[in-house]
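Report on one structure; see the data block that follows.
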Amino acid sequence: MRYRYFIIILTSLITISILSGCTLFPKEEQKLIPAIIEIEATTYETILAQRGYIEDTDIFHATAEPITRNYQYISSEGSHYKEGYVTLGDAVEIGDLLFELDTGHLLDDIQLKELAVNTASVDYEAAIVSADINQTLEEEALDSIKDELAELLESFDESVADSIALANTRMEDLQDSYDKTVLNYEYMILQKELAIKEATDSNLSPNQTQILEVLDTDLANTRALYNIDLTKANNDITSMTNEIAGLEADLSDPADPAEEAVIATKNIELAALQATRDKIIMNYNYLVLQKELAIDEAASSGVDINRTQILEILNMDLANTKAYYDIDLTKIADDMALLDSEIEELESEMDDEQQKLVEALTKSIDTKTLEIQLNTTNRNNTLNMKKNALEADRLQLQELYNQRDNSMIYAETAGTVFYIKTYEEGDIVDAYVELVGIADMTTLIITLRPRYSDGELDVSQFILGDKITIEYNDDNYIGTVVGSPTYVPEDLDDIDTTQGDGVYILFDNQPDDIESGDRVTITILVASSDDTIIIPKDALLETGMGYLVYVLEEGRKTERYVQVGIMNDLQVEIVDGLDAGEEIVLN
């Protein structure tokens, strides 16, 4: 630029001189002496390239938040808000009352139901005591009649009396067996009738597998019952055989007719027991055969059995059960008739007056026994009804208690209230809506998430265990990376990990004054280099051909292309094209 000015001035002087010469013509032309202008030397602002340390860092902003957060809600629909008991920032402990729902007349209903439960409980306990007393009195009366009969029988011929006593004991056993048979078969028939009703009412047809399961179960039950009955019959036969053998061993010589009568009676009973066993075997073999045929028929069928077929099977099974029931009752009745005839023969040996006394007492015993059985059944039914009513009241009361407890929402965790959903009294509170949030503020975690708008955060920069610089309130703290998008520790399960891309950092020494929601600055070391050539960033120019700097060589500014390395906001690392100590021109 200065050379240009010099040329312009020189040209002007020559022009003026020429014009002056023309004006003075024809005077002798004088020599022109060029003007001498001193050009100032160019100066540059420079800096020496030096070796040193350089680093590049990324800075991000994040928020401190609690590690554990718990939200309270209700699970029932249609509740109405009544009153809240906490505000934002309140510290709560486990079990503290948070808010209450409107229960309407629930407390009055609880009081009425508590009274009903107490009344039912007293009534049930009183019924138990009354039943025990009546049962005891009735059994004592029966025992008294039995004692009276026993005393009377003792006055008779001992052999005859013993035979009668044994026969009566056998008769009682038969009567008990008869009663049990009636009860058992009535129960079995009721079950089968219910099964038929269920199959009739059902809109579905059982498939082959289901009917086979039903038939197999029924067959198994039949065999189990058969084994029980057969075992009992064999045990009775064995016991009676041993008893007869003992009587025969004790038979006096010469034989006493009374002893022989007892043995004869025992042999009759043994024959009856053997006949019973044979009938059990025959009847159950017939039942098992029928059930096995039914199973074979169901198994061989390739299609599902319809409702009509299953009803036919069930009705057939019910008919078989009733037939078997009639056979058993007939057999027991026959045994009782046979034994009754034996008793009559034995009683014929007593005189008429003694026989009348025995008959009267025996009838009284039978009457009292039946009365006790009926009264016991009635008392048990009454007790069961009262017990069921009491249990129903207790269940209803517990349900009322549950409603009351569910209306009082208590803190499940300790911490600080950081969220409250606002309601007015009477507002409907929906189920599973977050009503109150409680967080543990003692330990905060830094959650750093990518900025999708500019993509500044690369989560791959963070490795578990890395030490991170955290700036808070102009002070620097050290933190440790404890979680990443691919790994969240179990103790951090309560933090918000729904975005799935967060980096989680814990303070090594958390500041005392930091609170949830406070902003912090995270500094990440991207790259660093030591003992390398460093120049100011202002001395670097970027061109289409690459990066260049101006180097001052013997006072002249010279372009030089260089290869750069680490670059931050102020400095640049030169990895090639420049030596330490060279003078660099600043832009």
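Chain lettering (A, B, ...) mirrors the order of the structure tokens, residue numbering begins at 1 for each chain separately, and ligand numbering begins at 1 in order of display.
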
Contacts of Leu548 in chain A within 9 Å, only C-alpha atoms, excl. fewer than 6 positions in-chain, as a count of residues only: 9

Just want the 8 Å neighbourhood of Gly426 in chain A, counted on only C-alpha atoms, with same-chain residues fewer than 2 positions away dropped. Output as a PyMOL selection string. chain A and resi 80-82+102+424+428

Which neighbours of Ser239 in chain A fall inside 12 Å, counting only C-alpha atoms, when residues of the same chain fewer than 5 positions from it are skipped, and could you give them as a PyMOL selection string? chain A and resi 232-234+244-246+266+269-270+273-274

Those of range 323-444 of chain A in DSSP strand (DSSP E), formatted as a PyMOL selection string: chain A and resi 408-410+415-420+428-429+436-439+444

Do a neighbour search on Val92 in chain A at 8 Å with only C-alpha atoms, toss out local chain neighbours closer than 2 positions, and write the hits as a PyMOL selection string. chain A and resi 90+94+96+411+414-417

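Closest to Thr376 in chain A among A:Leu107, A:Leu464, A:Val459, A:Ile133 is A:Ile133, based on only C-alpha atoms.
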